[in-house]
$ cat run_3.cif   # mmCIF, C-alpha atoms
data_my_file
loop_
_atom_site.label_atom_id
_atom_site.label_comp_id
_atom_site.auth_asym_id
_atom_site.auth_seq_id
_atom_site.Cartn_x
_atom_site.Cartn_y
_atom_site.Cartn_z
CA MET S 16 108.35 140.22 78.79
CA ARG S 17 104.64 140.83 78.28
CA SER S 18 105.01 144.37 79.53
CA GLY S 19 107.76 145.03 77.01
CA VAL S 20 110.59 145.60 79.44
CA LEU S 21 112.60 142.76 77.91
CA LYS S 22 112.72 142.58 74.14
CA PRO S 23 112.00 139.19 72.49
CA ALA S 24 115.61 138.95 71.41
CA GLU S 25 116.65 139.24 75.05
CA LYS S 26 114.58 136.36 76.31
CA PRO S 27 116.51 133.86 78.39
CA ILE S 28 117.59 130.53 76.96
CA TRP S 29 115.31 128.50 79.16
CA TYR S 30 112.10 130.39 78.36
CA ASP S 31 111.04 128.39 75.30
CA VAL S 32 111.94 125.14 76.98
CA TYR S 33 109.95 126.07 80.08
CA VAL S 34 106.91 126.96 77.97
CA ALA S 35 107.19 123.70 76.04
CA TYR S 36 107.78 121.49 79.10
CA PRO S 37 106.33 123.15 82.18
CA PRO S 38 106.93 121.48 85.54
CA LYS S 39 104.16 119.64 87.35
CA ARG S 40 103.95 122.32 89.97
CA ALA S 41 104.83 125.98 89.45
CA PRO S 42 107.78 126.87 91.72
CA VAL S 43 105.90 129.23 94.00
CA TYR S 44 107.03 129.61 97.58
CA VAL S 45 104.68 128.05 100.10
CA LYS S 46 105.01 128.86 103.77
CA PRO S 47 105.06 125.55 105.61
CA LEU S 48 102.40 125.73 108.36
CA THR S 49 103.99 125.03 111.70
CA ARG S 50 100.82 124.18 113.61
CA PRO S 51 99.80 120.61 112.78
CA SER S 52 96.07 120.64 112.14
CA PRO S 53 94.11 117.58 113.30
CA LYS S 54 92.65 117.13 109.81
CA ASN S 55 95.98 116.49 108.07
CA ALA S 56 97.38 114.30 110.79
CA ASN S 57 97.85 111.12 108.74
CA THR S 58 98.50 112.09 105.14
CA VAL S 59 101.39 109.65 104.86
CA PRO S 60 100.16 106.08 105.31
CA GLU S 61 102.05 103.56 107.36
CA ILE S 62 103.27 100.56 105.42
CA PHE S 63 102.40 97.25 107.04
CA TYR S 64 101.98 93.87 105.44
CA SER S 65 99.99 90.89 106.70
CA GLU S 66 103.25 88.90 106.95
CA ASP S 67 104.52 91.41 109.51
CA LYS S 68 102.68 89.49 112.25
CA VAL S 69 104.68 86.38 111.38
CA ARG S 70 107.90 88.40 111.22
CA ALA S 71 107.23 89.99 114.60
CA LYS S 72 106.68 86.60 116.23
CA PHE S 73 109.79 85.17 114.54
CA TYR S 74 112.01 87.96 115.83
CA GLU S 75 110.51 87.71 119.27
CA GLN S 76 111.19 83.99 119.54
CA TYR S 77 114.31 83.42 117.54
CA GLY S 78 116.09 86.76 117.32
CA THR S 79 117.70 87.62 113.98
CA GLY S 80 118.39 84.01 113.06
CA PRO S 81 121.59 82.05 112.51
CA ARG S 82 122.68 83.71 109.25
CA PRO S 83 123.72 87.39 109.34
CA LEU S 84 121.81 89.77 107.07
CA ASP S 85 123.78 90.80 104.00
CA LEU S 86 122.05 93.88 102.61
CA SER S 87 124.62 94.60 99.89
CA LYS S 88 123.05 91.92 97.70
CA VAL S 89 119.82 93.03 96.04
CA ASN S 90 117.98 89.71 96.06
CA PHE S 91 119.12 88.59 99.47
CA ILE S 92 116.63 86.36 101.30
CA SER S 93 117.21 86.34 105.04
CA THR S 94 116.31 83.50 107.40
CA CYS S 95 113.27 85.47 108.51
CA GLN S 96 112.11 85.86 104.93
CA ARG S 97 112.49 82.14 104.25
CA PHE S 98 110.48 81.44 107.38
CA VAL S 99 107.74 83.79 106.25
CA ASP S 100 107.64 82.29 102.77
CA ARG S 101 107.38 78.76 104.14
CA TYR S 102 104.71 79.88 106.60
CA MET S 103 102.62 81.38 103.81
CA GLU S 104 103.02 78.22 101.72
CA LEU S 105 101.88 75.98 104.55
CA LYS S 106 99.01 78.31 105.35
CA SER S 107 97.71 78.15 101.81
CA HIS S 108 97.93 74.33 101.79
CA ASN S 109 96.24 73.54 105.11
CA GLU S 110 94.06 75.58 107.42
CA GLN S 111 95.66 75.37 110.88
CA TYR S 112 95.90 77.65 113.85
CA ASP S 113 98.74 80.14 114.00
CA THR S 114 100.77 78.57 116.81
CA ALA S 115 100.60 75.10 115.30
CA LEU S 116 101.57 76.51 111.93
CA PHE S 117 104.50 78.25 113.59
CA GLU S 118 105.81 74.97 114.93
CA GLU S 119 105.26 73.30 111.57
CA THR S 120 107.34 75.94 109.80
CA GLY S 121 110.11 75.57 112.36
CA LYS S 122 110.22 71.83 111.76
CA ALA S 123 110.13 72.30 107.98
CA LEU S 124 113.10 74.65 108.11
CA LEU S 125 114.95 72.22 110.39
CA GLN S 126 114.56 69.61 107.67
CA ASP S 127 116.09 72.09 105.24
CA GLY S 128 119.11 72.39 107.48
CA ILE S 129 118.46 75.72 109.21
CA VAL S 130 118.63 75.39 112.97
CA LEU S 131 116.53 77.98 114.77
CA ARG S 132 117.65 78.67 118.30
CA ARG S 133 115.20 80.26 120.71
CA ARG S 134 116.15 83.51 122.36
CA GLY S 135 116.95 83.45 126.08
CA PHE S 136 117.83 79.78 126.16
CA PRO S 137 121.57 79.18 126.68
CA VAL S 138 123.45 77.26 124.04
CA VAL S 139 123.79 74.01 125.95
CA ASP S 140 125.21 70.87 124.34
CA SER S 141 124.23 67.50 125.83
CA LEU S 142 127.90 66.33 125.65
CA GLN S 143 129.05 69.19 127.91
CA VAL S 144 126.65 68.16 130.63
CA LYS S 145 128.07 64.60 130.62
CA VAL S 146 131.68 65.79 130.91
CA VAL S 147 130.85 67.92 133.97
CA ALA S 148 128.88 65.10 135.65
CA GLU S 149 131.64 62.43 135.46
CA PRO S 150 134.17 63.97 137.91
CA ARG S 151 131.38 64.43 140.45
CA SER S 152 130.43 60.80 140.35
CA VAL S 153 134.10 59.86 140.91
CA GLY S 154 134.50 62.30 143.86
CA MET B 5 138.24 127.67 96.01
CA ALA B 6 139.69 126.23 92.83
CA ALA B 7 136.24 125.46 91.54
CA ARG B 8 135.12 128.99 92.16
CA ALA B 9 138.15 130.45 90.43
CA LEU B 10 137.46 128.13 87.52
CA THR B 11 133.87 129.33 87.43
CA ARG B 12 134.94 132.95 87.41
CA GLY B 13 137.44 132.50 84.63
CA LEU B 14 135.17 130.38 82.48
CA LEU B 15 132.14 132.56 82.99
CA GLY B 16 134.06 135.37 81.40
CA LEU B 17 135.30 133.14 78.56
CA ARG B 18 131.90 131.64 77.78
CA HIS B 19 130.60 135.18 77.51
CA CYS B 20 132.80 135.69 74.47
CA GLN B 21 131.71 132.53 72.67
CA ALA B 22 128.09 133.46 72.24
CA VAL B 23 125.78 131.50 70.00
CA SER B 24 126.20 132.71 66.43
CA GLY B 25 123.77 135.47 65.62
CA VAL B 26 121.90 136.67 68.69
CA SER B 27 123.75 136.52 71.98
CA TYR B 28 121.78 135.62 75.09
CA CYS B 29 123.38 137.41 77.97
CA GLY B 30 121.90 137.82 81.40
CA GLY B 31 120.75 141.40 81.52
CA HIS B 32 123.02 142.82 78.82
CA GLN B 33 122.09 142.81 75.18
CA TYR B 34 124.83 143.11 72.63
CA VAL B 35 123.52 144.30 69.29
CA THR B 36 125.63 142.73 66.58
CA ALA B 37 126.54 145.34 64.02
CA ALA B 38 126.29 142.83 61.18
CA SER B 39 122.66 141.96 61.89
CA ALA B 40 121.48 143.87 58.85
CA ASN B 41 123.41 141.69 56.37
CA SER B 42 121.51 138.88 54.60
CA PRO B 43 123.91 135.99 55.30
CA GLN B 44 123.58 136.84 59.00
CA LEU B 45 119.77 136.73 58.66
CA HIS B 46 119.99 133.38 56.95
CA ILE B 47 122.13 132.05 59.78
CA ASP B 48 119.61 133.43 62.25
CA GLU B 49 116.79 131.55 60.55
CA VAL B 50 118.73 128.31 60.46
CA THR B 51 119.68 128.74 64.12
CA GLU B 52 116.06 129.33 65.03
CA LYS B 53 115.05 126.21 63.16
CA ILE B 54 117.71 124.16 64.91
CA LEU B 55 116.71 125.54 68.28
CA ASN B 56 112.98 125.04 67.90
CA ALA B 57 112.98 121.64 66.20
CA PRO B 58 113.40 119.52 69.36
CA LEU B 59 110.62 121.32 71.22
CA ASP B 60 107.85 119.61 69.28
CA LYS B 61 108.51 116.09 70.48
CA PRO B 62 107.90 115.12 74.12
CA ASP B 63 111.17 113.25 74.53
CA PHE B 64 113.52 114.36 71.78
CA PHE B 65 116.68 113.25 73.57
CA ARG B 66 115.17 109.95 74.75
CA VAL B 67 116.12 110.56 78.35
CA SER B 68 113.56 108.06 79.59
CA GLU B 69 115.74 105.28 78.18
CA LEU B 70 118.63 106.23 80.45
CA PHE B 71 117.10 104.82 83.62
CA SER B 72 114.28 102.58 84.84
CA LEU B 73 112.35 102.21 88.06
CA LYS B 74 114.40 99.13 88.91
CA ASP B 75 117.65 101.13 88.60
CA LEU B 76 116.28 103.71 91.01
CA PHE B 77 115.23 101.01 93.45
CA GLU B 78 118.60 99.29 93.34
CA ALA B 79 120.33 102.61 93.90
CA ARG B 80 118.17 102.98 97.04
CA VAL B 81 116.67 106.26 95.83
CA HIS B 82 113.40 105.47 97.56
CA LEU B 83 114.84 105.63 101.08
CA GLY B 84 114.00 108.81 102.91
CA HIS B 85 114.80 110.06 106.37
CA LYS B 86 112.88 109.31 109.56
CA LYS B 87 109.34 110.45 110.23
CA GLY B 88 110.46 113.19 112.61
CA CYS B 89 112.66 114.81 109.93
CA ARG B 90 109.93 114.92 107.34
CA HIS B 91 109.14 118.25 105.70
CA ARG B 92 105.42 118.98 105.37
CA LEU B 93 105.70 119.94 101.71
CA MET B 94 107.31 116.60 100.84
CA GLU B 95 104.29 114.63 101.99
CA PRO B 96 102.68 114.28 98.53
CA TYR B 97 105.89 112.70 97.21
CA ILE B 98 106.16 110.11 99.97
CA TYR B 99 104.67 106.67 99.38
CA GLY B 100 104.45 105.64 103.00
CA CYS B 101 106.22 105.20 106.29
CA ARG B 102 107.67 101.81 107.22
CA LEU B 103 108.50 101.65 110.93
CA ASP B 104 109.20 105.41 110.99
CA HIS B 105 111.35 105.36 107.81
CA ASP B 106 109.91 107.40 104.94
CA ILE B 107 109.70 105.65 101.59
CA ILE B 108 109.61 107.97 98.58
CA ASP B 109 107.13 107.17 95.82
CA LEU B 110 109.28 106.00 92.92
CA ASP B 111 106.50 106.32 90.33
CA GLN B 112 106.44 110.04 90.92
CA THR B 113 110.23 110.17 91.04
CA VAL B 114 110.44 108.57 87.61
CA GLU B 115 108.17 111.22 86.10
CA HIS B 116 109.93 114.09 87.82
CA LEU B 117 113.36 112.79 86.89
CA GLN B 118 112.32 112.45 83.26
CA GLN B 119 111.10 116.03 83.20
CA ALA B 120 114.26 117.27 84.90
CA LEU B 121 116.60 115.39 82.56
CA ASN B 122 114.61 116.52 79.55
CA PHE B 123 114.89 120.13 80.67
CA THR B 124 118.66 119.89 81.24
CA ALA B 125 119.08 118.25 77.84
CA HIS B 126 117.29 121.11 76.12
CA ILE B 127 119.25 123.73 78.00
CA ALA B 128 122.53 122.00 77.12
CA TYR B 129 121.36 121.75 73.51
CA ARG B 130 120.90 125.51 73.40
CA GLY B 131 124.37 126.08 74.80
CA GLY B 132 123.28 127.11 78.26
CA VAL B 133 125.62 127.38 81.21
CA ILE B 134 124.86 124.71 83.81
CA LEU B 135 126.06 124.93 87.38
CA PHE B 136 126.19 121.90 89.69
CA VAL B 137 125.78 122.79 93.35
CA SER B 138 126.15 120.47 96.29
CA ARG B 139 127.32 121.26 99.77
CA ARG B 140 127.92 117.65 100.79
CA ARG B 141 131.60 117.19 101.37
CA GLN B 142 131.36 113.45 100.76
CA TYR B 143 130.45 113.96 97.12
CA SER B 144 132.25 117.22 96.45
CA HIS B 145 134.94 115.55 94.33
CA LEU B 146 132.43 113.42 92.46
CA VAL B 147 130.31 116.44 91.55
CA GLU B 148 133.33 118.39 90.39
CA THR B 149 134.56 115.55 88.18
CA THR B 150 131.06 115.11 86.74
CA ALA B 151 130.92 118.79 85.83
CA LYS B 152 134.37 118.60 84.28
CA ASP B 153 133.38 115.60 82.16
CA CYS B 154 130.31 117.43 80.86
CA GLY B 155 132.18 120.64 80.17
CA GLU B 156 129.97 122.50 82.63
CA TYR B 157 130.58 124.12 85.99
CA ALA B 158 130.38 123.13 89.64
CA HIS B 159 130.32 124.95 92.94
CA THR B 160 130.76 122.69 95.94
CA ARG B 161 132.39 125.08 98.38
CA TYR B 162 131.07 127.74 100.72
CA TRP B 163 128.52 129.88 98.90
CA GLN B 164 129.27 133.56 99.34
CA GLY B 165 126.19 135.73 99.65
CA GLY B 166 126.48 137.73 96.47
CA ILE B 167 127.58 135.21 93.88
CA LEU B 168 124.39 135.47 91.83
CA THR B 169 122.74 138.60 93.19
CA ASN B 170 125.87 140.73 93.32
CA ALA B 171 127.68 139.20 90.36
CA SER B 172 128.42 142.37 88.42
CA ILE B 173 130.21 143.91 91.38
CA GLN B 174 131.97 140.78 92.57
CA TYR B 175 133.10 139.52 89.16
CA GLY B 176 133.11 142.64 87.04
CA GLN B 177 130.67 143.94 84.45
CA GLY B 178 129.05 141.75 81.83
CA VAL B 179 129.24 138.41 83.57
CA ARG B 180 127.13 135.59 82.18
CA LEU B 181 125.15 133.92 84.92
CA PRO B 182 124.27 130.22 84.77
CA ASP B 183 121.14 129.31 82.82
CA LEU B 184 120.40 126.26 84.95
CA ILE B 185 121.46 125.25 88.44
CA ILE B 186 121.41 121.55 89.38
CA PHE B 187 121.39 120.69 93.07
CA LEU B 188 122.66 117.26 94.03
CA SER B 189 121.64 118.14 97.58
CA THR B 190 119.45 121.12 98.41
CA LEU B 191 120.60 121.43 102.02
CA ASN B 192 123.79 122.97 103.28
CA ASN B 193 125.94 121.61 106.07
CA VAL B 194 123.67 123.00 108.80
CA PHE B 195 120.58 121.26 107.34
CA GLN B 196 119.06 124.52 106.17
CA GLN B 197 117.94 125.25 102.67
CA HIS B 198 120.81 126.25 100.39
CA VAL B 199 121.02 129.98 99.73
CA ALA B 200 121.42 129.35 96.01
CA ILE B 201 117.80 128.16 95.68
CA ARG B 202 116.49 131.49 96.87
CA ASP B 203 119.03 133.45 94.85
CA ALA B 204 118.29 131.53 91.67
CA ALA B 205 114.58 132.26 92.12
CA LYS B 206 115.43 135.93 92.54
CA MET B 207 117.57 136.02 89.39
CA ASN B 208 115.05 134.04 87.29
CA ILE B 209 117.34 131.06 86.88
CA PRO B 210 115.53 127.71 86.67
CA THR B 211 116.65 125.04 89.12
CA VAL B 212 116.66 121.27 89.10
CA GLY B 213 117.22 119.62 92.46
CA VAL B 214 117.21 116.30 94.26
CA VAL B 215 114.92 116.82 97.25
CA ASP B 216 115.05 114.38 100.13
CA SER B 217 112.24 113.96 102.64
CA ASN B 218 113.62 116.73 104.87
CA CYS B 219 113.90 119.37 102.10
CA ASN B 220 111.58 122.16 100.94
CA PRO B 221 110.64 121.60 97.29
CA SER B 222 108.53 124.71 96.82
CA LEU B 223 111.07 127.03 95.21
CA ILE B 224 112.73 124.48 92.93
CA THR B 225 111.49 124.52 89.32
CA TYR B 226 111.93 120.80 88.64
CA PRO B 227 112.28 118.95 91.94
CA VAL B 228 113.24 115.28 91.90
CA PRO B 229 112.14 113.56 95.10
CA GLY B 230 114.81 111.04 96.03
CA ASN B 231 117.58 110.03 98.38
CA ASP B 232 120.52 112.43 98.50
CA ASP B 233 122.58 110.66 101.15
CA THR B 234 123.52 107.22 99.80
CA PRO B 235 126.68 107.10 97.64
CA VAL B 236 125.02 104.76 95.13
CA ALA B 237 122.15 107.17 94.60
CA VAL B 238 124.37 110.23 94.15
CA GLU B 239 126.59 108.33 91.71
CA LEU B 240 123.50 107.40 89.75
CA TYR B 241 122.32 111.02 89.56
CA CYS B 242 125.75 112.25 88.48
CA HIS B 243 125.92 109.56 85.82
CA LEU B 244 122.44 110.43 84.49
CA PHE B 245 123.09 114.16 84.32
CA LYS B 246 126.44 113.61 82.64
CA MET B 247 124.87 111.30 80.02
CA THR B 248 122.05 113.73 79.20
CA ILE B 249 124.29 116.76 78.90
CA ASN B 250 126.79 114.97 76.69
CA ARG B 251 124.02 113.54 74.55
CA ALA B 252 122.45 116.96 74.08
CA LYS B 253 125.74 118.61 73.19
CA ASN B 254 126.66 115.92 70.67
CA ASN B 255 123.20 116.29 69.15
CA ARG B 256 123.76 120.00 68.80
CA LYS B 257 127.12 119.52 67.10
CA GLN B 258 125.54 117.09 64.67
CA MET B 259 122.72 119.50 63.85
CA ASP B 260 125.18 122.32 63.28
CA MET B 261 127.20 120.22 60.89
CA ILE B 262 124.14 118.91 59.07
CA HIS B 263 122.84 122.39 58.45
CA GLY B 264 126.24 123.44 57.24
CA LEU B 265 126.89 126.16 59.77
CA SER B 266 130.42 127.35 60.39
CA ALA B 267 132.60 124.93 62.34
CA PRO B 268 131.88 125.13 66.08
CA SER B 269 134.22 127.42 68.01
CA PRO B 270 136.99 125.54 69.85
CA GLN B 271 135.80 124.25 73.19
CA SER B 272 137.63 125.66 76.18
CA SER B 273 138.37 122.87 78.63
#
$ encode --input "run_3.cif" --output "structure tokens"
Amino acid sequence: MRSGVLKPAEKPIWYDVYVAYPPKRAPVYVKPLTRPSPKNANTVPEIFYSEDKVRAKFYEQYGTGPRPLDLSKVNFISTCQRFVDRYMELKSHNEQYDTALFEETGKALLQDGIVLRRRGFPVVDSLQVKVVAEPRSVG
Amino acid sequence: MAARALTRGLLGLRHCQAVSGVSYCGGHQYVTAASANSPQLHIDEVTEKILNAPLDKPDFFRVSELFSLKDLFEARVHLGHKKGCRHRLMEPYIYGCRLDHDIIDLDQTVEHLQQALNFTAHIAYRGGVILFVSRRRQYSHLVETTAKDCGEYAHTRYWQGGILTNASIQYGQGVRLPDLIIFLSTLNNVFQQHVAIRDAAKMNIPTVGVVDSNCNPSLITYPVPGNDDTPVAVELYCHLFKMTINRAKNNRKQMDMIHGLSAPSPQSS
């Protein structure tokens, strides 16, 4: 339009709007560099929280937990999250070592009614063992 | 196919109902014979005033009230693809990477989305032709119904090479091309960039598009970094665009009536 090829009456509808509200970045084509340079290796940071250590240990020991994760609810708090919250609470109250604190949180959650079963250990009920033992003693 | 036929027919029809006074046609200028008369000049002035009034304020159509950061979060707009799929040019828009999943920075998304919605509102206010493009078959019906509700156009089928660049030969002389193209997903079914982005840049048509973490945002005029795969997110985008376009058009009708212009020409469905 500056050169006079298009007359002012012919200007496109979006021209005024574009001038009034320009985008943050002009839409110019940029060739994406294929060779990853060592300088720009880590432009996107990894997201890790300090509670991730607790979460990792929880999943290692207990698996996902007794209650299945329901992600359709927005404010859903999973067993792991409750564990982490309780852990952080106890940590702020008393200064203990991590393993002891872990046990403490397990006991606290047991009091709340959540039974945490360790991974790798079979689900054995003490009653079952008695029923199997009786016939043997008879025979 | 039906959508394309609809586009063809309506493109021709919209061409006839030009804005009163000067007609903005892509490439062709039609000099109105009555431009010398004074009532026509008066109408031109009033039209100019109506058109330029909203440009002074930063958010004339109050599009920022239509959504909040929390809405975007609940619609899972911040979820990107995996680290391996990430496009280099999307890196500034990504907040971080959680166990190899890219998380898009919603603060930036809010700003970009506001700009994009504002732009579409102004284009709709000026009676521009808006084309919704999406090659995702999951949301093809949703996009078409959204376009129908706004009174605008959609193209969710296979994109033939010369739709924009070869329009005068494919559709006949004097076709009005879209003034804005909105992409609900910038990739086509083979995960390559949609041809329409390049064609719109060639034909000087501004584009608004939802770019996911595996898309190239460089050629899009107003990119909106966000998730384009989740149904909740796509429904949110469709809803937002529909609201803005309807708001802008209603605003325009009100302004026309306030300034006592002739009754608006009957809308073709």
$ closest_residue --input "run_3.cif" --among "B:Tyr157, B:Tyr226, B:Phe77, B:Phe195" --to "chain S" --atoms "all atoms listed in the file"
B:Tyr226
$ resolve_selection --input "run_3.cif" --expression "the PyMOL selection byres ((chain B) within 9 of (chain S))" --output "tab-separated table (two decimals) with C-alpha atoms, in the frame of the given file"
chain	number	residue	atom	x	y	z
B	26	VAL	CA	121.90	136.67	68.69
B	27	SER	CA	123.75	136.52	71.98
B	28	TYR	CA	121.78	135.62	75.09
B	29	CYS	CA	123.38	137.41	77.97
B	30	GLY	CA	121.90	137.82	81.40
B	31	GLY	CA	120.75	141.40	81.52
B	32	HIS	CA	123.02	142.82	78.82
B	33	GLN	CA	122.09	142.81	75.18
B	56	ASN	CA	112.98	125.04	67.90
B	59	LEU	CA	110.62	121.32	71.22
B	60	ASP	CA	107.85	119.61	69.28
B	62	PRO	CA	107.90	115.12	74.12
B	78	GLU	CA	118.60	99.29	93.34
B	91	HIS	CA	109.14	118.25	105.70
B	92	ARG	CA	105.42	118.98	105.37
B	93	LEU	CA	105.70	119.94	101.71
B	95	GLU	CA	104.29	114.63	101.99
B	96	PRO	CA	102.68	114.28	98.53
B	98	ILE	CA	106.16	110.11	99.97
B	99	TYR	CA	104.67	106.67	99.38
B	100	GLY	CA	104.45	105.64	103.00
B	101	CYS	CA	106.22	105.20	106.29
B	102	ARG	CA	107.67	101.81	107.22
B	103	LEU	CA	108.50	101.65	110.93
B	104	ASP	CA	109.20	105.41	110.99
B	106	ASP	CA	109.91	107.40	104.94
B	116	HIS	CA	109.93	114.09	87.82
B	119	GLN	CA	111.10	116.03	83.20
B	120	ALA	CA	114.26	117.27	84.90
B	122	ASN	CA	114.61	116.52	79.55
B	123	PHE	CA	114.89	120.13	80.67
B	126	HIS	CA	117.29	121.11	76.12
B	127	ILE	CA	119.25	123.73	78.00
B	130	ARG	CA	120.90	125.51	73.40
B	131	GLY	CA	124.37	126.08	74.80
B	132	GLY	CA	123.28	127.11	78.26
B	183	ASP	CA	121.14	129.31	82.82
B	184	LEU	CA	120.40	126.26	84.95
B	205	ALA	CA	114.58	132.26	92.12
B	209	ILE	CA	117.34	131.06	86.88
B	210	PRO	CA	115.53	127.71	86.67
B	220	ASN	CA	111.58	122.16	100.94
B	221	PRO	CA	110.64	121.60	97.29
B	222	SER	CA	108.53	124.71	96.82
B	223	LEU	CA	111.07	127.03	95.21
B	224	ILE	CA	112.73	124.48	92.93
B	225	THR	CA	111.49	124.52	89.32
B	226	TYR	CA	111.93	120.80	88.64
B	227	PRO	CA	112.28	118.95	91.94
$ residues_around --input "run_3.cif" --residues "Tyr77 in chain S" --least-positions-apart "6" --cutoff "6 Å" --atoms "all atoms listed in the file" --output "count of residues only"
3
$ atom_distance --input "run_3.cif" --atom1 "CA of Met103 in chain S" --atom2 "CA of Glu66 in chain S"
8.2 Å
$ residues_around --input "run_3.cif" --residues "range 247-252 of chain B" --least-positions-apart "4" --cutoff "10 Å" --atoms "all atoms listed in the file" --output "VMD selection string"
chain B and resid 64 to 67 70 121 to 131 134 150 to 151 153 to 156 241 to 243 256 to 258
$ write_last_selection --input "run_3.cif" --atoms "C-alpha atoms" --output "PDB file, in the coordinates of the input"
ATOM      1  CA  PHE B  64     113.520 114.360  71.780  1.00  0.00           C
ATOM      2  CA  PHE B  65     116.680 113.250  73.570  1.00  0.00           C
ATOM      3  CA  ARG B  66     115.170 109.950  74.750  1.00  0.00           C
ATOM      4  CA  VAL B  67     116.120 110.560  78.350  1.00  0.00           C
ATOM      5  CA  LEU B  70     118.630 106.230  80.450  1.00  0.00           C
ATOM      6  CA  LEU B 121     116.600 115.390  82.560  1.00  0.00           C
ATOM      7  CA  ASN B 122     114.610 116.520  79.550  1.00  0.00           C
ATOM      8  CA  PHE B 123     114.890 120.130  80.670  1.00  0.00           C
ATOM      9  CA  THR B 124     118.660 119.890  81.240  1.00  0.00           C
ATOM     10  CA  ALA B 125     119.080 118.250  77.840  1.00  0.00           C
ATOM     11  CA  HIS B 126     117.290 121.110  76.120  1.00  0.00           C
ATOM     12  CA  ILE B 127     119.250 123.730  78.000  1.00  0.00           C
ATOM     13  CA  ALA B 128     122.530 122.000  77.120  1.00  0.00           C
ATOM     14  CA  TYR B 129     121.360 121.750  73.510  1.00  0.00           C
ATOM     15  CA  ARG B 130     120.900 125.510  73.400  1.00  0.00           C
ATOM     16  CA  GLY B 131     124.370 126.080  74.800  1.00  0.00           C
ATOM     17  CA  ILE B 134     124.860 124.710  83.810  1.00  0.00           C
ATOM     18  CA  THR B 150     131.060 115.110  86.740  1.00  0.00           C
ATOM     19  CA  ALA B 151     130.920 118.790  85.830  1.00  0.00           C
ATOM     20  CA  ASP B 153     133.380 115.600  82.160  1.00  0.00           C
ATOM     21  CA  CYS B 154     130.310 117.430  80.860  1.00  0.00           C
ATOM     22  CA  GLY B 155     132.180 120.640  80.170  1.00  0.00           C
ATOM     23  CA  GLU B 156     129.970 122.500  82.630  1.00  0.00           C
ATOM     24  CA  TYR B 241     122.320 111.020  89.560  1.00  0.00           C
ATOM     25  CA  CYS B 242     125.750 112.250  88.480  1.00  0.00           C
ATOM     26  CA  HIS B 243     125.920 109.560  85.820  1.00  0.00           C
ATOM     27  CA  ARG B 256     123.760 120.000  68.800  1.00  0.00           C
ATOM     28  CA  LYS B 257     127.120 119.520  67.100  1.00  0.00           C
ATOM     29  CA  GLN B 258     125.540 117.090  64.670  1.00  0.00           C
TER      30      GLN B 258
END
$ atom_distance --input "run_3.cif" --atom1 "CA of Lys152 in chain B" --atom2 "CA of Val236 in chain B"
19.9 Å
$ resolve_selection --input "run_3.cif" --expression "the PyMOL selection byres ((chain B and resi 112) around 10)" --output "short mmCIF file (atom, residue, chain, number, x, y, z; two decimals) with C-alpha atoms, in the coordinates of the input"
data_model
loop_
_atom_site.label_atom_id
_atom_site.label_comp_id
_atom_site.auth_asym_id
_atom_site.auth_seq_id
_atom_site.Cartn_x
_atom_site.Cartn_y
_atom_site.Cartn_z
CA PRO B 96 102.68 114.28 98.53
CA TYR B 97 105.89 112.70 97.21
CA ILE B 98 106.16 110.11 99.97
CA TYR B 99 104.67 106.67 99.38
CA ILE B 108 109.61 107.97 98.58
CA ASP B 109 107.13 107.17 95.82
CA LEU B 110 109.28 106.00 92.92
CA ASP B 111 106.50 106.32 90.33
CA THR B 113 110.23 110.17 91.04
CA VAL B 114 110.44 108.57 87.61
CA GLU B 115 108.17 111.22 86.10
CA HIS B 116 109.93 114.09 87.82
CA LEU B 117 113.36 112.79 86.89
CA GLN B 118 112.32 112.45 83.26
CA VAL B 228 113.24 115.28 91.90
CA PRO B 229 112.14 113.56 95.10
CA GLY B 230 114.81 111.04 96.03
#
$ atom_distance --input "run_3.cif" --atom1 "CA of Val212 in chain B" --atom2 "CA of Val133 in chain B"
13.4 Å
$ resolve_selection --input "run_3.cif" --expression "the PyMOL selection byres ((chain B and resi 142) around 12)" --output "MDAnalysis selection string"
chainID B and resid 138:141 143:148 160:161 188:189 193 232:235 238:239
$ closest_residue --input "run_3.cif" --among "S:Gln111, S:Ser65, S:Leu131, S:Leu116" --to "Arg82 in chain S" --atoms "only C-alpha atoms"
S:Leu131
$ closest_residue --input "run_3.cif" --among "B:Leu55, B:Val137, B:Ile201, B:Ile107" --to "His82 in chain B" --atoms "all atoms listed in the file"
B:Ile107
$ axis_aligned_box --input "run_3.cif" --around "range 86-99 of chain S" --padding-each-side "8 Å" --output "JSON"
{"center_x": 116.2, "center_y": 88.0, "center_z": 102.3, "size_x": 32.9, "size_y": 29.2, "size_z": 28.5}
$ residues_around --input "run_3.cif" --residues "Ala237 in chain B" --least-positions-apart "3" --cutoff "6 Å" --atoms "all atoms listed in the file" --output "list of chain:residue names"
B:Ala79, B:Val81, B:Thr234, B:Leu240
$ closest_residue --input "run_3.cif" --among "B:Gly176, B:Pro58, B:Pro182, B:Gly88" --to "Thr211 in chain B" --atoms "only C-alpha atoms"
B:Pro182
$ residues_around --input "run_3.cif" --residues "Glu104 in chain S" --least-positions-apart "5" --cutoff "12 Å" --atoms "only C-alpha atoms" --output "list in words"
Glu66, Arg97, Phe98, Val99, Asn109, Glu110, Leu116, Phe117, Glu119, Thr120 and Ala123 of chain S
$ closest_residue --input "run_3.cif" --among "B:Leu45, B:Leu191, B:Ala158, B:Met259" --to "Cys219 in chain B" --atoms "all atoms listed in the file"
B:Leu191
$ decode --input "run_3.cif" --residues "range 68-74 of chain S" --atoms "C-alpha atoms" --output "JSON list (two decimals), in the first residue's frame"
[["chain", "number", "residue", "atom", "x", "y", "z"],
["S", 68, "LYS", "CA", 11.16, -37.49, 46.86],
["S", 69, "VAL", "CA", 8.37, -38.48, 49.23],
["S", 70, "ARG", "CA", 6.13, -39.44, 46.31],
["S", 71, "ALA", "CA", 8.84, -41.56, 44.73],
["S", 72, "LYS", "CA", 9.40, -43.48, 47.97],
["S", 73, "PHE", "CA", 5.65, -43.92, 48.48],
["S", 74, "TYR", "CA", 5.17, -45.41, 45.02]]
